[in-house]
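Reproduced below: start-v5.cif, with mmCIF, C-alpha atoms, pLDDT in the B column; chains and numbers go by the auth columns.
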```
data_start
loop_
_atom_site.group_PDB
_atom_site.id
_atom_site.type_symbol
_atom_site.label_atom_id
_atom_site.label_comp_id
_atom_site.label_asym_id
_atom_site.label_seq_id
_atom_site.Cartn_x
_atom_site.Cartn_y
_atom_site.Cartn_z
_atom_site.B_iso_or_equiv
_atom_site.auth_seq_id
_atom_site.auth_asym_id
ATOM 1 C CA MET A 1 27.670 -2.133 2.845 73.00 1 A
ATOM 2 C CA SER A 2 29.634 -3.809 5.632 81.00 2 A
ATOM 3 C CA VAL A 3 27.908 -6.009 8.197 84.00 3 A
ATOM 4 C CA LEU A 4 28.717 -3.480 10.920 85.00 4 A
ATOM 5 C CA ALA A 5 27.311 -0.585 8.907 87.00 5 A
ATOM 6 C CA GLU A 6 24.144 -2.560 8.136 90.00 6 A
ATOM 7 C CA GLU A 7 23.658 -3.435 11.811 92.00 7 A
ATOM 8 C CA HIS A 8 23.992 0.229 12.738 93.00 8 A
ATOM 9 C CA LEU A 9 21.491 1.220 10.045 95.00 9 A
ATOM 10 C CA VAL A 10 18.999 -1.425 11.173 94.00 10 A
ATOM 11 C CA LYS A 11 19.156 -0.146 14.756 95.00 11 A
ATOM 12 C CA GLN A 12 18.640 3.412 13.521 96.00 12 A
ATOM 13 C CA TRP A 13 15.656 2.392 11.382 97.00 13 A
ATOM 14 C CA GLU A 14 14.134 0.276 14.161 95.00 14 A
ATOM 15 C CA SER A 15 14.277 3.272 16.478 96.00 15 A
ATOM 16 C CA GLU A 16 12.673 5.524 13.858 96.00 16 A
ATOM 17 C CA GLN A 17 9.958 2.962 13.123 96.00 17 A
ATOM 18 C CA ALA A 18 9.150 2.622 16.821 95.00 18 A
ATOM 19 C CA SER A 19 8.843 6.406 17.179 97.00 19 A
ATOM 20 C CA LEU A 20 6.632 6.784 14.099 97.00 20 A
ATOM 21 C CA ARG A 21 4.558 3.715 15.075 97.00 21 A
ATOM 22 C CA GLN A 22 3.279 5.622 18.105 97.00 22 A
ATOM 23 C CA GLN A 23 1.684 8.160 15.759 98.00 23 A
ATOM 24 C CA VAL A 24 -0.412 5.647 13.795 98.00 24 A
ATOM 25 C CA VAL A 25 -4.164 6.145 14.193 98.00 25 A
ATOM 26 C CA GLU A 26 -6.022 2.820 13.857 98.00 26 A
ATOM 27 C CA GLU A 27 -9.551 4.192 13.752 98.00 27 A
ATOM 28 C CA ASP A 28 -11.803 6.149 11.413 98.00 28 A
ATOM 29 C CA THR A 29 -11.137 9.882 11.486 98.00 29 A
ATOM 30 C CA GLU A 30 -13.184 11.147 8.515 98.00 30 A
ATOM 31 C CA ASP A 31 -16.968 11.483 8.158 98.00 31 A
ATOM 32 C CA TRP A 32 -17.013 9.619 4.819 98.00 32 A
ATOM 33 C CA GLN A 33 -15.460 6.554 6.495 98.00 33 A
ATOM 34 C CA ARG A 34 -18.519 6.162 8.730 96.00 34 A
ATOM 35 C CA SER A 35 -20.974 6.255 5.823 97.00 35 A
ATOM 36 C CA PRO A 36 -22.243 2.864 4.553 94.00 36 A
ATOM 37 C CA LYS A 37 -21.628 4.011 0.951 95.00 37 A
ATOM 38 C CA PHE A 38 -18.703 6.342 1.722 98.00 38 A
ATOM 39 C CA SER A 39 -20.780 9.456 1.086 98.00 39 A
ATOM 40 C CA GLY A 40 -18.425 12.429 0.746 98.00 40 A
ATOM 41 C CA LEU A 41 -15.519 10.397 -0.616 98.00 41 A
ATOM 42 C CA GLU A 42 -14.608 11.769 -4.051 98.00 42 A
ATOM 43 C CA ARG A 43 -10.885 11.051 -4.599 98.00 43 A
ATOM 44 C CA VAL A 44 -8.920 7.866 -3.944 98.00 44 A
ATOM 45 C CA GLY A 45 -5.172 7.697 -4.528 98.00 45 A
ATOM 46 C CA GLY A 46 -2.978 4.771 -5.484 98.00 46 A
ATOM 47 C CA VAL A 47 0.814 4.499 -5.348 98.00 47 A
ATOM 48 C CA ASP A 48 3.306 2.003 -6.708 95.00 48 A
ATOM 49 C CA LEU A 49 6.965 1.659 -7.644 94.00 49 A
ATOM 50 C CA SER A 50 7.948 -0.361 -10.716 94.00 50 A
ATOM 51 C CA PHE A 51 11.545 -1.363 -11.292 92.00 51 A
ATOM 52 C CA ILE A 52 13.505 -1.866 -14.472 88.00 52 A
ATOM 53 C CA LYS A 53 14.069 -5.593 -14.828 86.00 53 A
ATOM 54 C CA GLY A 54 17.357 -6.622 -13.251 88.00 54 A
ATOM 55 C CA ASP A 55 17.783 -3.191 -11.636 91.00 55 A
ATOM 56 C CA ASP A 56 16.766 -2.711 -8.000 88.00 56 A
ATOM 57 C CA VAL A 57 17.926 0.910 -7.818 92.00 57 A
ATOM 58 C CA ASN A 58 16.180 2.756 -10.672 93.00 58 A
ATOM 59 C CA ALA A 59 12.404 2.787 -10.509 95.00 59 A
ATOM 60 C CA CYS A 60 9.303 4.582 -11.680 96.00 60 A
ATOM 61 C CA ALA A 61 7.396 6.130 -8.763 96.00 61 A
ATOM 62 C CA GLN A 62 3.728 6.456 -9.690 97.00 62 A
ATOM 63 C CA LEU A 63 0.823 8.286 -8.077 98.00 63 A
ATOM 64 C CA VAL A 64 -2.690 8.213 -9.482 98.00 64 A
ATOM 65 C CA VAL A 65 -5.843 9.827 -8.164 98.00 65 A
ATOM 66 C CA LEU A 66 -9.167 8.294 -9.158 98.00 66 A
ATOM 67 C CA SER A 67 -12.676 9.630 -8.832 98.00 67 A
ATOM 68 C CA TYR A 68 -14.941 7.795 -6.421 98.00 68 A
ATOM 69 C CA PRO A 69 -17.135 5.847 -6.950 98.00 69 A
ATOM 70 C CA GLU A 70 -16.549 6.013 -10.732 98.00 70 A
ATOM 71 C CA LEU A 71 -12.869 5.011 -10.428 98.00 71 A
ATOM 72 C CA GLU A 72 -11.795 7.146 -13.386 98.00 72 A
ATOM 73 C CA VAL A 73 -8.288 8.615 -13.436 98.00 73 A
ATOM 74 C CA LEU A 74 -8.264 12.324 -12.517 98.00 74 A
ATOM 75 C CA TYR A 75 -4.514 12.797 -12.098 98.00 75 A
ATOM 76 C CA GLU A 76 -1.257 10.942 -12.533 97.00 76 A
ATOM 77 C CA ASP A 77 2.351 11.656 -11.641 97.00 77 A
ATOM 78 C CA CYS A 78 5.202 9.502 -12.872 96.00 78 A
ATOM 79 C CA GLN A 79 8.853 10.104 -11.980 96.00 79 A
ATOM 80 C CA MET A 80 11.990 8.068 -12.512 96.00 80 A
ATOM 81 C CA VAL A 81 13.832 7.883 -9.205 96.00 81 A
ATOM 82 C CA THR A 82 17.115 6.441 -7.961 95.00 82 A
ATOM 83 C CA LEU A 83 16.719 4.647 -4.648 94.00 83 A
ATOM 84 C CA THR A 84 19.617 5.445 -2.360 92.00 84 A
ATOM 85 C CA ALA A 85 18.765 3.379 0.729 93.00 85 A
ATOM 86 C CA PRO A 86 19.740 -0.301 0.701 91.00 86 A
ATOM 87 C CA TYR A 87 17.122 -3.050 0.639 89.00 87 A
ATOM 88 C CA ILE A 88 16.799 -4.688 4.053 91.00 88 A
ATOM 89 C CA ALA A 89 13.824 -6.978 4.750 88.00 89 A
ATOM 90 C CA GLY A 90 11.245 -5.262 6.933 90.00 90 A
ATOM 91 C CA PHE A 91 12.483 -1.775 6.072 94.00 91 A
ATOM 92 C CA LEU A 92 11.164 -1.355 2.523 92.00 92 A
ATOM 93 C CA ALA A 93 9.487 1.916 3.486 95.00 93 A
ATOM 94 C CA PHE A 94 12.826 3.632 4.041 96.00 94 A
ATOM 95 C CA ARG A 95 13.643 2.966 0.363 95.00 95 A
ATOM 96 C CA GLU A 96 10.285 3.878 -1.170 95.00 96 A
ATOM 97 C CA THR A 97 8.389 6.334 1.044 97.00 97 A
ATOM 98 C CA PRO A 98 10.458 9.465 0.213 97.00 98 A
ATOM 99 C CA TYR A 99 9.557 9.281 -3.490 97.00 99 A
ATOM 100 C CA LEU A 100 5.867 8.520 -2.926 97.00 100 A
ATOM 101 C CA LEU A 101 5.690 11.348 -0.396 98.00 101 A
ATOM 102 C CA GLU A 102 7.305 13.722 -2.904 97.00 102 A
ATOM 103 C CA ALA A 103 4.642 12.808 -5.467 97.00 103 A
ATOM 104 C CA LEU A 104 1.876 13.683 -2.991 98.00 104 A
ATOM 105 C CA GLN A 105 3.635 16.931 -2.119 98.00 105 A
ATOM 106 C CA ARG A 106 3.932 17.897 -5.797 97.00 106 A
ATOM 107 C CA LEU A 107 0.207 17.366 -6.183 98.00 107 A
ATOM 108 C CA GLU A 108 -0.609 19.341 -3.043 97.00 108 A
ATOM 109 C CA SER A 109 1.433 22.309 -4.272 97.00 109 A
ATOM 110 C CA SER A 110 0.239 22.241 -7.886 97.00 110 A
ATOM 111 C CA GLN A 111 -3.388 21.059 -7.713 97.00 111 A
ATOM 112 C CA PRO A 112 -4.451 20.835 -4.060 97.00 112 A
ATOM 113 C CA LYS A 113 -8.109 20.258 -4.969 97.00 113 A
ATOM 114 C CA LEU A 114 -7.105 16.884 -6.438 98.00 114 A
ATOM 115 C CA LEU A 115 -5.288 15.660 -3.318 98.00 115 A
ATOM 116 C CA PRO A 116 -6.683 12.200 -2.470 98.00 116 A
ATOM 117 C CA GLN A 117 -8.784 11.751 0.645 98.00 117 A
ATOM 118 C CA VAL A 118 -7.289 8.286 1.128 98.00 118 A
ATOM 119 C CA VAL A 119 -4.358 6.445 -0.455 98.00 119 A
ATOM 120 C CA LEU A 120 -4.222 2.729 -1.268 98.00 120 A
ATOM 121 C CA VAL A 121 -0.645 1.499 -1.038 98.00 121 A
ATOM 122 C CA ASP A 122 0.814 -1.507 -2.843 96.00 122 A
ATOM 123 C CA GLY A 123 2.229 -3.070 0.323 95.00 123 A
ATOM 124 C CA ASN A 124 1.462 -3.664 3.985 97.00 124 A
ATOM 125 C CA GLY A 125 0.474 -1.427 6.860 97.00 125 A
ATOM 126 C CA LEU A 126 0.169 -2.870 10.370 97.00 126 A
ATOM 127 C CA PHE A 127 0.562 -6.365 8.930 97.00 127 A
ATOM 128 C CA HIS A 128 4.312 -6.164 9.275 95.00 128 A
ATOM 129 C CA TYR A 129 7.216 -7.451 11.399 93.00 129 A
ATOM 130 C CA ARG A 130 7.002 -4.456 13.739 94.00 130 A
ATOM 131 C CA GLU A 131 3.480 -3.326 12.785 95.00 131 A
ATOM 132 C CA PHE A 132 4.769 -0.446 10.689 96.00 132 A
ATOM 133 C CA GLY A 133 4.877 -1.184 6.981 96.00 133 A
ATOM 134 C CA LEU A 134 4.962 1.096 3.949 97.00 134 A
ATOM 135 C CA ALA A 135 1.298 2.164 4.239 98.00 135 A
ATOM 136 C CA CYS A 136 1.821 3.248 7.867 98.00 136 A
ATOM 137 C CA HIS A 137 5.029 5.078 7.027 98.00 137 A
ATOM 138 C CA LEU A 138 3.454 7.006 4.143 98.00 138 A
ATOM 139 C CA GLY A 139 0.307 7.712 6.164 98.00 139 A
ATOM 140 C CA VAL A 140 2.088 9.154 9.190 98.00 140 A
ATOM 141 C CA LEU A 141 4.451 11.310 7.116 98.00 141 A
ATOM 142 C CA SER A 142 1.741 12.572 4.740 98.00 142 A
ATOM 143 C CA GLY A 143 -1.018 12.894 7.315 98.00 143 A
ATOM 144 C CA LEU A 144 -3.426 11.181 4.914 98.00 144 A
ATOM 145 C CA PRO A 145 -5.560 8.109 5.582 98.00 145 A
ATOM 146 C CA CYS A 146 -3.749 5.121 4.059 98.00 146 A
ATOM 147 C CA VAL A 147 -4.571 1.456 3.470 98.00 147 A
ATOM 148 C CA GLY A 148 -2.063 -1.309 2.820 98.00 148 A
ATOM 149 C CA VAL A 149 -3.106 -3.782 0.123 98.00 149 A
ATOM 150 C CA ALA A 150 -0.585 -6.544 -0.518 97.00 150 A
ATOM 151 C CA LYS A 151 -0.860 -9.047 -3.346 96.00 151 A
ATOM 152 C CA ASN A 152 1.218 -11.671 -1.528 96.00 152 A
ATOM 153 C CA LEU A 153 1.182 -12.914 2.056 96.00 153 A
ATOM 154 C CA LEU A 154 3.934 -11.575 4.276 93.00 154 A
ATOM 155 C CA GLN A 155 4.622 -14.435 6.680 92.00 155 A
ATOM 156 C CA VAL A 156 5.053 -12.587 9.959 91.00 156 A
ATOM 157 C CA GLN A 157 4.085 -12.861 13.618 91.00 157 A
ATOM 158 C CA GLY A 158 2.905 -16.446 13.285 91.00 158 A
ATOM 159 C CA VAL A 159 0.822 -15.965 10.132 94.00 159 A
ATOM 160 C CA LYS A 160 1.937 -18.534 7.595 94.00 160 A
ATOM 161 C CA MET A 161 0.928 -19.851 4.185 94.00 161 A
ATOM 162 C CA ASN A 162 0.128 -23.276 5.600 95.00 162 A
ATOM 163 C CA LYS A 163 -2.678 -25.812 5.210 95.00 163 A
ATOM 164 C CA GLU A 164 -4.976 -23.880 7.547 94.00 164 A
ATOM 165 C CA HIS A 165 -4.405 -20.628 5.652 96.00 165 A
ATOM 166 C CA ARG A 166 -5.102 -22.329 2.312 96.00 166 A
ATOM 167 C CA SER A 167 -8.320 -23.840 3.648 97.00 167 A
ATOM 168 C CA GLN A 168 -9.446 -20.404 4.833 97.00 168 A
ATOM 169 C CA ILE A 169 -8.779 -19.037 1.349 97.00 169 A
ATOM 170 C CA ALA A 170 -10.811 -21.870 -0.166 96.00 170 A
ATOM 171 C CA ALA A 171 -13.726 -20.948 2.122 97.00 171 A
ATOM 172 C CA LEU A 172 -13.934 -17.437 0.598 97.00 172 A
ATOM 173 C CA LYS A 173 -16.829 -17.986 -1.797 95.00 173 A
ATOM 174 C CA LYS A 174 -17.551 -14.517 -3.206 96.00 174 A
ATOM 175 C CA GLY A 175 -16.176 -11.010 -3.521 96.00 175 A
ATOM 176 C CA GLY A 176 -16.264 -9.260 -0.150 97.00 176 A
ATOM 177 C CA ASP A 177 -15.637 -12.405 1.902 98.00 177 A
ATOM 178 C CA PHE A 178 -12.649 -12.208 4.245 98.00 178 A
ATOM 179 C CA PHE A 179 -10.927 -13.779 7.218 97.00 179 A
ATOM 180 C CA PRO A 180 -8.663 -12.208 9.876 97.00 180 A
ATOM 181 C CA LEU A 181 -4.879 -12.380 9.882 97.00 181 A
ATOM 182 C CA THR A 182 -4.270 -13.117 13.537 96.00 182 A
ATOM 183 C CA ALA A 183 -0.811 -12.862 15.072 95.00 183 A
ATOM 184 C CA SER A 184 0.528 -15.317 17.644 94.00 184 A
ATOM 185 C CA SER A 185 -0.307 -12.675 20.269 95.00 185 A
ATOM 186 C CA GLY A 186 -3.979 -12.850 19.296 95.00 186 A
ATOM 187 C CA LYS A 187 -4.016 -9.403 17.721 95.00 187 A
ATOM 188 C CA VAL A 188 -5.698 -9.087 14.321 97.00 188 A
ATOM 189 C CA LEU A 189 -3.164 -7.359 12.072 97.00 189 A
ATOM 190 C CA GLY A 190 -5.173 -7.398 8.854 98.00 190 A
ATOM 191 C CA LYS A 191 -7.637 -9.364 6.767 98.00 191 A
ATOM 192 C CA ALA A 192 -7.407 -11.600 3.723 98.00 192 A
ATOM 193 C CA LEU A 193 -10.063 -10.317 1.318 98.00 193 A
ATOM 194 C CA ARG A 194 -11.546 -12.023 -1.700 98.00 194 A
ATOM 195 C CA SER A 195 -11.818 -8.802 -3.645 96.00 195 A
ATOM 196 C CA SER A 196 -13.614 -10.102 -6.724 94.00 196 A
ATOM 197 C CA ASP A 197 -16.043 -12.881 -7.640 94.00 197 A
ATOM 198 C CA SER A 198 -13.791 -13.714 -10.565 93.00 198 A
ATOM 199 C CA SER A 199 -10.576 -14.176 -8.554 93.00 199 A
ATOM 200 C CA SER A 200 -10.184 -16.803 -5.834 93.00 200 A
ATOM 201 C CA LYS A 201 -6.778 -15.451 -4.777 96.00 201 A
ATOM 202 C CA PRO A 202 -7.166 -12.883 -1.982 97.00 202 A
ATOM 203 C CA VAL A 203 -5.419 -9.600 -1.310 98.00 203 A
ATOM 204 C CA TYR A 204 -4.124 -8.780 2.158 98.00 204 A
ATOM 205 C CA VAL A 205 -5.552 -5.596 3.657 98.00 205 A
ATOM 206 C CA SER A 206 -4.202 -3.776 6.698 98.00 206 A
ATOM 207 C CA VAL A 207 -4.506 -0.387 8.339 98.00 207 A
ATOM 208 C CA GLY A 208 -1.995 2.212 7.263 98.00 208 A
ATOM 209 C CA HIS A 209 -3.156 5.336 9.090 98.00 209 A
ATOM 210 C CA LYS A 210 -6.355 7.176 10.052 98.00 210 A
ATOM 211 C CA ILE A 211 -8.741 4.349 9.158 98.00 211 A
ATOM 212 C CA SER A 212 -10.175 1.281 10.902 98.00 212 A
ATOM 213 C CA LEU A 213 -9.547 -2.213 9.588 98.00 213 A
ATOM 214 C CA ASP A 214 -13.230 -2.840 8.857 98.00 214 A
ATOM 215 C CA THR A 215 -13.461 0.376 6.858 98.00 215 A
ATOM 216 C CA ALA A 216 -10.192 -0.398 5.063 98.00 216 A
ATOM 217 C CA VAL A 217 -11.597 -3.757 3.938 98.00 217 A
ATOM 218 C CA ARG A 218 -14.924 -2.259 2.823 98.00 218 A
ATOM 219 C CA LEU A 219 -13.146 0.499 0.914 98.00 219 A
ATOM 220 C CA THR A 220 -10.711 -1.880 -0.772 98.00 220 A
ATOM 221 C CA HIS A 221 -13.542 -4.121 -1.945 98.00 221 A
ATOM 222 C CA SER A 222 -15.521 -1.141 -3.244 98.00 222 A
ATOM 223 C CA CYS A 223 -12.498 -0.084 -5.345 98.00 223 A
ATOM 224 C CA CYS A 224 -12.100 -3.463 -7.055 97.00 224 A
ATOM 225 C CA ARG A 225 -13.128 -4.105 -10.643 96.00 225 A
ATOM 226 C CA TYR A 226 -10.672 -6.963 -10.695 96.00 226 A
ATOM 227 C CA ARG A 227 -8.563 -8.638 -7.997 97.00 227 A
ATOM 228 C CA VAL A 228 -6.290 -5.635 -7.332 98.00 228 A
ATOM 229 C CA PRO A 229 -8.079 -2.411 -6.312 98.00 229 A
ATOM 230 C CA GLU A 230 -8.274 0.020 -9.191 98.00 230 A
ATOM 231 C CA PRO A 231 -6.086 2.820 -7.721 98.00 231 A
ATOM 232 C CA ILE A 232 -3.165 0.402 -7.240 98.00 232 A
ATOM 233 C CA ARG A 233 -3.882 -1.412 -10.503 98.00 233 A
ATOM 234 C CA GLN A 234 -3.798 1.851 -12.469 98.00 234 A
ATOM 235 C CA ALA A 235 -0.600 2.979 -10.720 98.00 235 A
ATOM 236 C CA ASP A 236 1.026 -0.349 -11.596 97.00 236 A
ATOM 237 C CA ILE A 237 -0.171 -0.333 -15.218 97.00 237 A
ATOM 238 C CA ARG A 238 0.977 3.227 -15.838 97.00 238 A
ATOM 239 C CA SER A 239 4.386 2.856 -14.199 96.00 239 A
ATOM 240 C CA ARG A 240 5.083 -0.318 -16.171 95.00 240 A
ATOM 241 C CA GLU A 241 3.931 1.346 -19.383 95.00 241 A
ATOM 242 C CA TYR A 242 6.282 4.266 -18.727 94.00 242 A
ATOM 243 C CA LEU A 243 9.203 1.859 -18.329 94.00 243 A
ATOM 244 C CA ARG A 244 8.155 -0.067 -21.453 93.00 244 A
ATOM 245 C CA ILE A 245 8.172 3.115 -23.550 92.00 245 A
ATOM 246 C CA HIS A 246 11.293 4.744 -22.128 89.00 246 A
ATOM 247 C CA TYR A 247 13.357 1.621 -21.456 87.00 247 A
ATOM 248 C CA PRO A 248 12.165 -0.789 -24.169 81.00 248 A
ATOM 249 C CA THR A 249 15.243 -3.019 -24.137 70.00 249 A
ATOM 250 C CA ALA A 250 15.277 -3.486 -20.365 59.00 250 A
ATOM 251 C CA GLY A 251 11.892 -5.117 -19.922 54.00 251 A
ATOM 252 C CA THR A 252 9.853 -4.909 -16.678 55.00 252 A
#
```

Give the structure from the file, written as structure tokens.
Amino acid sequence: MSVLAEEHLVKQWESEQASLRQQVVEEDTEDWQRSPKFSGLERVGGVDLSFIKGDDVNACAQLVVLSYPELEVLYEDCQMVTLTAPYIAGFLAFRETPYLLEALQRLESSQPKLLPQVVLVDGNGLFHYREFGLACHLGVLSGLPCVGVAKNLLQVQGVKMNKEHRSQIAALKKGGDFFPLTASSGKVLGKALRSSDSSSKPVYVSVGHKISLDTAVRLTHSCCRYRVPEPIRQADIRSREYLRIHYPTAGT
């Protein structure tokens, strides 16, 4: 893609992000979200894309739906997809959202009773360059509550992996402890959560759509058997296993 074409595409995507950003709901909208133990929540989704090693175009798009609070897999959908949009930093959602949205739509048309009541997304929500990451994009287009859970820190809006950040991580003593990810503007864009007693490395939780940050953090912690919440962990495991079986020489 030429520099001119990329600049045009970036402007187009920025405009679309800004329009969709206005539709994000940053508060609890469902009765189960207001319950201390999430009474009424029965199905939690997880989505992930896994790529063939050395190939950034062909990927396995995975959706899983787990029971809550048991966290047992009720449904899975795995599809090989060919990503057509180019990778441009800050616009990952334009590459990945269409295929994750299609997976949710297939489920809604085939087994609507298994549609998740909330989706945990392997990526960021409001904790993003323009406060509209993958979890926001998928949430607005699907209409479902979504939570962004990133395994690595996106260094944006003044949040950096510096000495202060590392000392805050060190101060997280047990599963459920967290600290805010505060932008230079003073706005809290997400929280770093120690999700498990057994893992000192946090995950980064942010609002995607139709959920408050406090509820998103509580929910993420309640879905963790290990460091990564079970819906995302199962989506990752199953997509990588699919690639291992069907593309054994490529590696993942």

Long-range neighbours of range 103-119 of chain A as number ranges by chain, 10 Å cut-off, only C-alpha atoms, 4 positions minimum in chain: A: 30, 32-33, 40-47, 61-67, 74-79, 97-99, 135, 138-139, 142-148, 208-211, 216, 219, 231-232

To test your reading of the syntax: which residues would the PyMOL selection byres ((chain A and resi 165-170) around 8) return for the file shown? Reply as an NGL selection string. :A and (160-164 or 171-173 or 179 or 192 or 200-202)

Spatial sel., origin (15.3, 1.9, 14.4), limit 12 Å, all atoms listed in the file, listed as a ChimeraX atom specification: /A:6-21,90-91,94,130,132

Exactly which residues make up the result of the PyMOL selection byres ((chain A and resi 49-51) around 8) on this file, given as a list in words?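 Output of the PyMOL selection byres ((chain A and resi 49-51) around 8): Val47, Asp48, Ile52, Lys53, Asp55, Asp56, Val57, Asn58, Ala59, Cys60, Ala61, Gln62, Glu96, Asp236, Ser239, Arg240 and Thr252 of chain A.
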
Report, in Å with one decimal, the straight-line distance from CA of Ser199 in chain A to CA of Arg233 in chain A. 14.5 Å

In Å, rounded to a single decimal, give me how far CA of Leu213 in chain A is from CA of Tyr226 in chain A. 20.9 Å

Which of these, A:Leu71, A:Ala85, A:Val24, A:Val217, has the shortest distance to Asp177 in chain A once you count all atoms listed in the file?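 Ranked by minimum distance to Asp177 in chain A, first place goes to A:Val217.
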
Between CA of Leu120 in chain A and CA of Gln155 in chain A, what is the distance, to one decimal in Å? 20.9 Å

When you look at Gly190 in chain A with a cut-off of 6 Å (counting all atoms listed in the file), what residues show up, excluding the ones that are within fewer than 6 positions of it in the same chain? I need them as a JSON list (two decimals) with C-alpha atoms, keeping the file's coordinate frame.
```json
[["chain", "number", "residue", "atom", "x", "y", "z"],
["A", 127, "PHE", "CA", 0.56, -6.36, 8.93],
["A", 181, "LEU", "CA", -4.88, -12.38, 9.88],
["A", 205, "VAL", "CA", -5.55, -5.60, 3.66],
["A", 206, "SER", "CA", -4.20, -3.78, 6.70]]
```

Can you tell me, as a VMD selection string, what residues are no more than 7 Å from Cys224 in chain A when counting only C-alpha atoms, ignoring any on the same chain fewer than 6 positions away? chain A and resid 195 to 196 230

Need to verify the contact set: Val159 in chain A, 12 Å, all atoms listed in the file, exclusion of same-chain residues closer than 6 positions in sequence. Can you return it as a PyMOL selection string? chain A and resi 127-129+153+165-166+180-192+204

Applying 10 Å and all atoms listed in the file, which residues near Arg95 in chain A remain after dropping the ones on its own chain fewer than 6 positions away? List them as a PyMOL selection string. chain A and resi 57+82-88+134
